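What follows is one structure encoded as structure tokens, with my remarks underneath.
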Amino acid sequence: MKIGFFVDVFYPMIDGVIKVVDNYARLLTEKGVEVTVFCPNGTAAHDDSVYPYKVVRCDSLYIDKYDYVIPTPTLDASFVSELKKSELDVVHIHSPFTVGTIGKQYAKKKNVPMVATIHSQYKMDFERNLRLKTSVDIAMRAIMQVFNSCNECYTVNEEIRRLYIDEYKLTAPCFIRPNATAHTPIEDKKSAYKLVNDTFSLSEDDLVFLFVGRINLLKNLDFLIRSLKILKDEGVAFKMLFVGNGQDEEQLKSLAEELGLSNEIIFCGKIESMETLEKIYARAKLFLFPSLYDTNSLVQIEAACQGTPTLFLKGAKTAGTVTENVNGFFSENSEEAYADKIIEILSDEELYERVSENAKTDLYKTWREVADMIYDDYKRLISEKRLAENAVKSDTESNPENDAENIE
């Protein structure tokens with residue numbers, strides 16, 4: 001089995017989509033699948049020989065204003081040559097844009113099944129970056145044309161599945177393939193806490209909150225910082241760790257300083273070590289995630305792995321698998337309500353412990369479980385294609401007159 005993953009961003013950058021692709025590729029390779037990741041060059045040199053699967057990169061353009069590069073696969077002769085000789089059995093796109101589109105073209109030309117994992121609420125990106133509603137509508141039609149040309153699509157939860165079917169008019173068959181994590185629970189919490197305390201100059205009794213991800217206003221991080229200001233004014237002492245980097249980091253640092261939160265908020269930068277991240281998750285009392293943009297963020301699963309529950313906003317699509325006060329917490333969509341909810345959670349230790357345990361039990365899922373589902377999907381699609389081809393061949397052989405007419 002030969003599978004091609006098509007994605008518009010890859011290492012050395014780190015985000016949720018990249019982690020999904022990497023974990024799929026690693027685990028499918030273990031099953032004997034030949035995996036190739038088709039992706040753009042990043043903003044820095046990277047050694048692709050470290051991966052157990054093949055990586056084929058295309059040229060790209062970098063624009064300072066954005067976190068991501070703009071791939072130009074059709075202009076890269078070497079990339080196109082590698083794609084042409086890949087002999088893929090299934091095309092799996094993880095983006096409906098340039099690299100995903102060239103994957104679509106390959107699937108159509110070679111008549112192989114194509115599937116897509118839908119990772120984002122793309123309309124929010126378009127509304128942020130395109131000024132006119134007409135432009136947003138055109139962009140949405142373009143990406144939905146890509147998704148609707150797939151044999152089937154995968155979303156991470158029922159909330160996003162319904163959004164794409166009901167509002168965005170997805171017509172391709174759509175199934176849920178949840179996100180997961182490669183993280184494992186920390187056993188020695190005492191040494192984990194010590195490492196985090198030493199790294200970020202925390203005391204043993206500091207109350208720690210955490211956010212991990214792109215430092216981007218799309219994640220509602222200005223809302224979070226203003227909520228923390230209210231929390232501080234209410235007399236709650238805490239330390240807030242922001243792990244990651246992104247295009248809005250300086251703006252958010254300025255906001256924290258302006259609100260007098262320089263002593264409470266620590267911008268930690270990008271942390272690549274999985275072991276270190278696991279310890280940071282374990283050290284945090286709460287994972288604060290007020291994003292209305294994400295679909296089913298990996299970071300909330302990584303936090304649950306360590307028994308660290310997440311506080312979401314009500315209506316967040318990313319919390320589609322979470323039940324209030326059972327395996328997670330929810331707040332109304334206001335900064336005052338978010339701060340008050342944190343205080344409420346901290347005041348009920350029994351509820352906190354119960355939700356913490358349930359988060360780990362209910363929400364922690366390994367990539368191996370999901371990769372097995374995807375592997376079965378590929379086998380089914382390949383089998384269906386072969387059956388269809390055999391049916392056409394059989395029909396042609398039994399009706400030579402029809403075949404002659406088609407040739408004419």
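To be explicit about the labels: the chains of the structure tokens are called A, B, and onward in the order shown, and within each one the residues are counted from 1, while ligands get numbers from 1 in the order they are shown.
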
Produce a table with one row for each residue of segment 273-318 of chain A that has an atom at most 10 Å from any atom of segment 183-186 of chain A, each row naming the nearest atom pair and its distance in Å at one decimal; use only C-alpha atoms; arrange rows by chain and rising residue number; format as a Markdown table.
| residue | atom | partner | partner_atom | distance |
| --- | --- | --- | --- | --- |
| A:Met274 | CA | A:His183 | CA | 7.1 |
| A:Glu275 | CA | A:His183 | CA | 8.1 |
| A:Leu277 | CA | A:His183 | CA | 8.9 |
| A:Glu278 | CA | A:Ile186 | CA | 6.8 |
| A:Lys279 | CA | A:Ile186 | CA | 6.9 |
| A:Tyr281 | CA | A:Ile186 | CA | 9.3 |
| A:Ala282 | CA | A:Ile186 | CA | 7.1 |
| A:Ile301 | CA | A:His183 | CA | 9.0 |
| A:Glu302 | CA | A:His183 | CA | 6.3 |
| A:Ala303 | CA | A:His183 | CA | 9.3 |
| A:Ala304 | CA | A:Pro185 | CA | 9.1 |
| A:Cys305 | CA | A:Pro185 | CA | 5.6 |
| A:Gln306 | CA | A:Pro185 | CA | 5.2 |
| A:Gly307 | CA | A:Pro185 | CA | 8.2 |

Ile160 of chain A: which residues within 10 Å, counting only C-alpha atoms, same-chain residues fewer than 3 positions away excluded, as an mmCIF file with all heavy atoms, in the first residue's frame?
data_model
loop_
_atom_site.group_PDB
_atom_site.id
_atom_site.type_symbol
_atom_site.label_atom_id
_atom_site.label_comp_id
_atom_site.auth_asym_id
_atom_site.auth_seq_id
_atom_site.Cartn_x
_atom_site.Cartn_y
_atom_site.Cartn_z
ATOM 1 N N ILE A 118 -10.495 17.230 7.454
ATOM 2 C CA ILE A 118 -10.833 18.648 7.616
ATOM 3 C C ILE A 118 -10.390 19.085 9.004
ATOM 4 O O ILE A 118 -10.943 18.644 10.008
ATOM 5 C CB ILE A 118 -12.337 18.870 7.420
ATOM 6 C CG1 ILE A 118 -12.746 18.446 6.000
ATOM 7 C CG2 ILE A 118 -12.705 20.328 7.676
ATOM 8 C CD1 ILE A 118 -14.249 18.481 5.753
ATOM 9 N N HIS A 119 -9.383 19.940 9.050
ATOM 10 C CA HIS A 119 -8.760 20.307 10.324
ATOM 11 C C HIS A 119 -9.244 21.626 10.894
ATOM 12 O O HIS A 119 -9.053 21.880 12.087
ATOM 13 C CB HIS A 119 -7.243 20.393 10.149
ATOM 14 C CG HIS A 119 -6.567 19.088 9.908
ATOM 15 N ND1 HIS A 119 -6.272 18.202 10.915
ATOM 16 C CD2 HIS A 119 -6.135 18.514 8.758
ATOM 17 C CE1 HIS A 119 -5.669 17.142 10.412
ATOM 18 N NE2 HIS A 119 -5.579 17.301 9.098
ATOM 19 N N SER A 120 -9.823 22.495 10.066
ATOM 20 C CA SER A 120 -10.047 23.871 10.518
ATOM 21 C C SER A 120 -11.431 24.379 10.138
ATOM 22 O O SER A 120 -12.078 23.858 9.232
ATOM 23 C CB SER A 120 -9.005 24.804 9.896
ATOM 24 O OG SER A 120 -7.697 24.448 10.263
ATOM 25 N N GLN A 121 -11.837 25.438 10.830
ATOM 26 C CA GLN A 121 -12.996 26.216 10.426
ATOM 27 C C GLN A 121 -12.482 27.310 9.485
ATOM 28 O O GLN A 121 -12.256 28.446 9.893
ATOM 29 C CB GLN A 121 -13.692 26.809 11.646
ATOM 30 C CG GLN A 121 -14.254 25.778 12.607
ATOM 31 C CD GLN A 121 -15.054 26.409 13.722
ATOM 32 O OE1 GLN A 121 -16.070 27.057 13.484
ATOM 33 N NE2 GLN A 121 -14.598 26.236 14.958
ATOM 34 N N TYR A 154 -13.048 13.267 6.474
ATOM 35 C CA TYR A 154 -13.018 12.936 7.892
ATOM 36 C C TYR A 154 -12.998 14.225 8.708
ATOM 37 O O TYR A 154 -12.235 15.152 8.405
ATOM 38 C CB TYR A 154 -11.771 12.111 8.235
ATOM 39 C CG TYR A 154 -11.595 10.899 7.352
ATOM 40 C CD1 TYR A 154 -10.371 10.628 6.734
ATOM 41 C CD2 TYR A 154 -12.657 10.030 7.110
ATOM 42 C CE1 TYR A 154 -10.206 9.527 5.921
ATOM 43 C CE2 TYR A 154 -12.505 8.918 6.296
ATOM 44 C CZ TYR A 154 -11.282 8.675 5.704
ATOM 45 O OH TYR A 154 -11.124 7.582 4.886
ATOM 46 N N THR A 155 -13.845 14.297 9.723
ATOM 47 C CA THR A 155 -13.795 15.397 10.681
ATOM 48 C C THR A 155 -13.497 14.824 12.052
ATOM 49 O O THR A 155 -13.617 13.618 12.285
ATOM 50 C CB THR A 155 -15.121 16.185 10.726
ATOM 51 O OG1 THR A 155 -16.176 15.293 11.151
ATOM 52 C CG2 THR A 155 -15.461 16.760 9.378
ATOM 53 N N VAL A 156 -13.134 15.719 12.973
ATOM 54 C CA VAL A 156 -12.646 15.256 14.276
ATOM 55 C C VAL A 156 -13.754 15.045 15.301
ATOM 56 O O VAL A 156 -13.538 14.400 16.323
ATOM 57 C CB VAL A 156 -11.595 16.242 14.826
ATOM 58 C CG1 VAL A 156 -10.321 16.166 14.006
ATOM 59 C CG2 VAL A 156 -12.140 17.671 14.826
ATOM 60 N N ASN A 157 -14.924 15.591 15.057
ATOM 61 C CA ASN A 157 -16.057 15.348 15.954
ATOM 62 C C ASN A 157 -17.363 15.649 15.225
ATOM 63 O O ASN A 157 -17.373 16.157 14.093
ATOM 64 C CB ASN A 157 -15.948 16.165 17.252
ATOM 65 C CG ASN A 157 -15.859 17.662 17.019
ATOM 66 O OD1 ASN A 157 -16.486 18.206 16.102
ATOM 67 N ND2 ASN A 157 -15.076 18.350 17.842
ATOM 68 N N LEU A 163 -21.343 21.070 10.985
ATOM 69 C CA LEU A 163 -21.046 22.411 10.473
ATOM 70 C C LEU A 163 -20.778 22.353 8.973
ATOM 71 O O LEU A 163 -21.323 23.156 8.199
ATOM 72 C CB LEU A 163 -19.829 22.993 11.199
ATOM 73 C CG LEU A 163 -19.317 24.341 10.674
ATOM 74 C CD1 LEU A 163 -20.285 25.456 11.027
ATOM 75 C CD2 LEU A 163 -17.926 24.640 11.214
ATOM 76 N N TYR A 164 -19.931 21.409 8.565
ATOM 77 C CA TYR A 164 -19.570 21.329 7.157
ATOM 78 C C TYR A 164 -20.725 20.828 6.294
ATOM 79 O O TYR A 164 -20.886 21.271 5.149
ATOM 80 C CB TYR A 164 -18.325 20.453 6.974
ATOM 81 C CG TYR A 164 -17.057 21.273 7.060
ATOM 82 C CD1 TYR A 164 -16.528 21.636 8.294
ATOM 83 C CD2 TYR A 164 -16.420 21.745 5.918
ATOM 84 C CE1 TYR A 164 -15.394 22.417 8.387
ATOM 85 C CE2 TYR A 164 -15.281 22.526 5.994
ATOM 86 C CZ TYR A 164 -14.776 22.863 7.237
ATOM 87 O OH TYR A 164 -13.663 23.654 7.316
ATOM 88 N N ILE A 165 -21.539 19.941 6.813
ATOM 89 C CA ILE A 165 -22.660 19.431 6.033
ATOM 90 C C ILE A 165 -23.783 20.467 5.960
ATOM 91 O O ILE A 165 -24.300 20.772 4.880
ATOM 92 C CB ILE A 165 -23.175 18.108 6.631
ATOM 93 C CG1 ILE A 165 -22.130 17.001 6.451
ATOM 94 C CG2 ILE A 165 -24.499 17.699 5.979
ATOM 95 C CD1 ILE A 165 -22.475 15.707 7.162
ATOM 96 N N ASP A 166 -24.160 21.024 7.101
ATOM 97 C CA ASP A 166 -25.327 21.908 7.160
ATOM 98 C C ASP A 166 -25.047 23.319 6.647
ATOM 99 O O ASP A 166 -25.861 23.899 5.924
ATOM 100 C CB ASP A 166 -25.851 21.985 8.598
ATOM 101 C CG ASP A 166 -26.393 20.652 9.092
ATOM 102 O OD1 ASP A 166 -26.656 19.774 8.246
ATOM 103 O OD2 ASP A 166 -26.531 20.478 10.320
ATOM 104 N N ILE A 176 -16.325 10.490 11.189
ATOM 105 C CA ILE A 176 -15.553 11.052 12.299
ATOM 106 C C ILE A 176 -14.313 10.199 12.539
ATOM 107 O O ILE A 176 -14.422 8.985 12.757
ATOM 108 C CB ILE A 176 -16.399 11.133 13.580
ATOM 109 C CG1 ILE A 176 -17.573 12.090 13.370
ATOM 110 C CG2 ILE A 176 -15.544 11.589 14.761
ATOM 111 C CD1 ILE A 176 -18.596 12.067 14.489
ATOM 112 N N ASP A 294 -10.717 26.568 16.942
ATOM 113 C CA ASP A 294 -10.227 25.194 16.775
ATOM 114 C C ASP A 294 -11.369 24.204 16.597
ATOM 115 O O ASP A 294 -12.493 24.407 17.073
ATOM 116 C CB ASP A 294 -9.375 24.801 17.984
ATOM 117 C CG ASP A 294 -8.054 25.533 18.000
ATOM 118 O OD1 ASP A 294 -8.024 26.701 18.423
ATOM 119 O OD2 ASP A 294 -7.049 24.944 17.584
ATOM 120 N N THR A 295 -11.042 23.099 15.936
ATOM 121 C CA THR A 295 -12.042 22.058 15.688
ATOM 122 C C THR A 295 -11.987 20.950 16.739
ATOM 123 O O THR A 295 -13.011 20.500 17.230
ATOM 124 C CB THR A 295 -11.838 21.443 14.303
ATOM 125 O OG1 THR A 295 -10.505 20.935 14.189
ATOM 126 C CG2 THR A 295 -12.092 22.480 13.207
ATOM 127 N N ASN A 296 -10.821 20.476 17.065
ATOM 128 C CA ASN A 296 -10.625 19.496 18.140
ATOM 129 C C ASN A 296 -9.135 19.476 18.438
ATOM 130 O O ASN A 296 -8.411 18.579 18.019
ATOM 131 C CB ASN A 296 -11.126 18.111 17.740
ATOM 132 C CG ASN A 296 -11.038 17.102 18.874
ATOM 133 O OD1 ASN A 296 -10.591 15.976 18.697
ATOM 134 N ND2 ASN A 296 -11.474 17.484 20.058
ATOM 135 N N LYS A 317 -16.536 24.568 19.186
ATOM 136 C CA LYS A 317 -16.562 23.328 18.416
ATOM 137 C C LYS A 317 -15.506 22.351 18.907
ATOM 138 O O LYS A 317 -15.707 21.131 18.860
ATOM 139 C CB LYS A 317 -16.324 23.612 16.927
ATOM 140 C CG LYS A 317 -17.293 24.595 16.288
ATOM 141 C CD LYS A 317 -18.710 24.084 16.254
ATOM 142 C CE LYS A 317 -19.625 25.037 15.501
ATOM 143 N NZ LYS A 317 -21.047 24.665 15.615
ATOM 144 N N THR A 318 -14.391 22.875 19.369
ATOM 145 C CA THR A 318 -13.296 22.019 19.809
ATOM 146 C C THR A 318 -13.672 21.169 21.020
ATOM 147 O O THR A 318 -13.027 20.162 21.309
ATOM 148 C CB THR A 318 -12.042 22.868 20.125
ATOM 149 O OG1 THR A 318 -10.928 22.008 20.324
ATOM 150 C CG2 THR A 318 -12.249 23.726 21.371
ATOM 151 N N GLY A 320 -16.441 19.503 21.342
ATOM 152 C CA GLY A 320 -17.573 18.678 20.926
ATOM 153 C C GLY A 320 -17.643 17.320 21.592
ATOM 154 O O GLY A 320 -18.704 16.694 21.620
#

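Of the listed residues A:Ser78, A:Thr29, A:Asn197, A:Thr43, the one whose atoms come nearest to Val56 of chain A is A:Ser78, with distances taken using only C-alpha atoms.
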
For Leu88 of chain A, which of A:Pro71, A:Tyr378, A:Glu187, A:Arg177 is the closest residue, counting only C-alpha atoms? A:Tyr378

Near-Phe209 of chain A list (8 Å; only C-alpha atoms; drop same-chain fewer than 6 positions) as a PyMOL selection string: chain A and resi 238-241+284-288

Just write the chosen residues, C-alpha atoms, as a PDB file, in the first residue's frame.
ATOM      1  CA  PHE A 238      -1.274  32.588  39.836  1.00  0.00           C
ATOM      2  CA  LYS A 239       1.297  32.000  37.127  1.00  0.00           C
ATOM      3  CA  MET A 240       0.161  31.640  33.510  1.00  0.00           C
ATOM      4  CA  LEU A 241       2.388  29.815  31.021  1.00  0.00           C
ATOM      5  CA  ALA A 284      -0.716  22.961  35.457  1.00  0.00           C
ATOM      6  CA  LYS A 285      -3.877  23.081  37.539  1.00  0.00           C
ATOM      7  CA  LEU A 286      -6.046  24.090  34.564  1.00  0.00           C
ATOM      8  CA  PHE A 287      -5.594  24.243  30.818  1.00  0.00           C
ATOM      9  CA  LEU A 288      -7.193  27.507  29.657  1.00  0.00           C
TER      10      LEU A 288
END

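Our summary of the geometry notes that atom CA of Gly16 of chain A is positioned 24.3 Å from atom CA of Asn333 of chain A.
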
Excluding same-chain residues fewer than 4 positions from segment 74-77 of chain A, what lies within 8 Å of it counting only C-alpha atoms, as a VMD selection string? chain A and resid 58 to 59 81 102

Store the residues picked out above in a file with C-alpha atoms, as a PDB file, in the first residue's frame.
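Result file part.pdb:
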ATOM      1  CA  CYS A  58       8.302  21.892  -2.888  1.00  0.00           C
ATOM      2  CA  ASP A  59       9.481  25.486  -3.134  1.00  0.00           C
ATOM      3  CA  SER A  81       8.679  14.652 -10.952  1.00  0.00           C
ATOM      4  CA  ILE A 102      -2.020  19.141  -6.640  1.00  0.00           C
TER       5      ILE A 102
END

Give the strand (DSSP E or B) residues of segment 199-318 of chain A, as DSSP finds them on the backbone, and put them as a PyMOL selection string. chain A and resi 208-212+239-244+265-269+286-288+294+310-313

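Taking atom CA of Lys190 of chain A and atom CA of Phe329 of chain A as the two end points, the separation is 25.9 Å.
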
By how many Å are atom CA of Ala180 of chain A and atom CA of Val370 of chain A apart? 7.3 Å
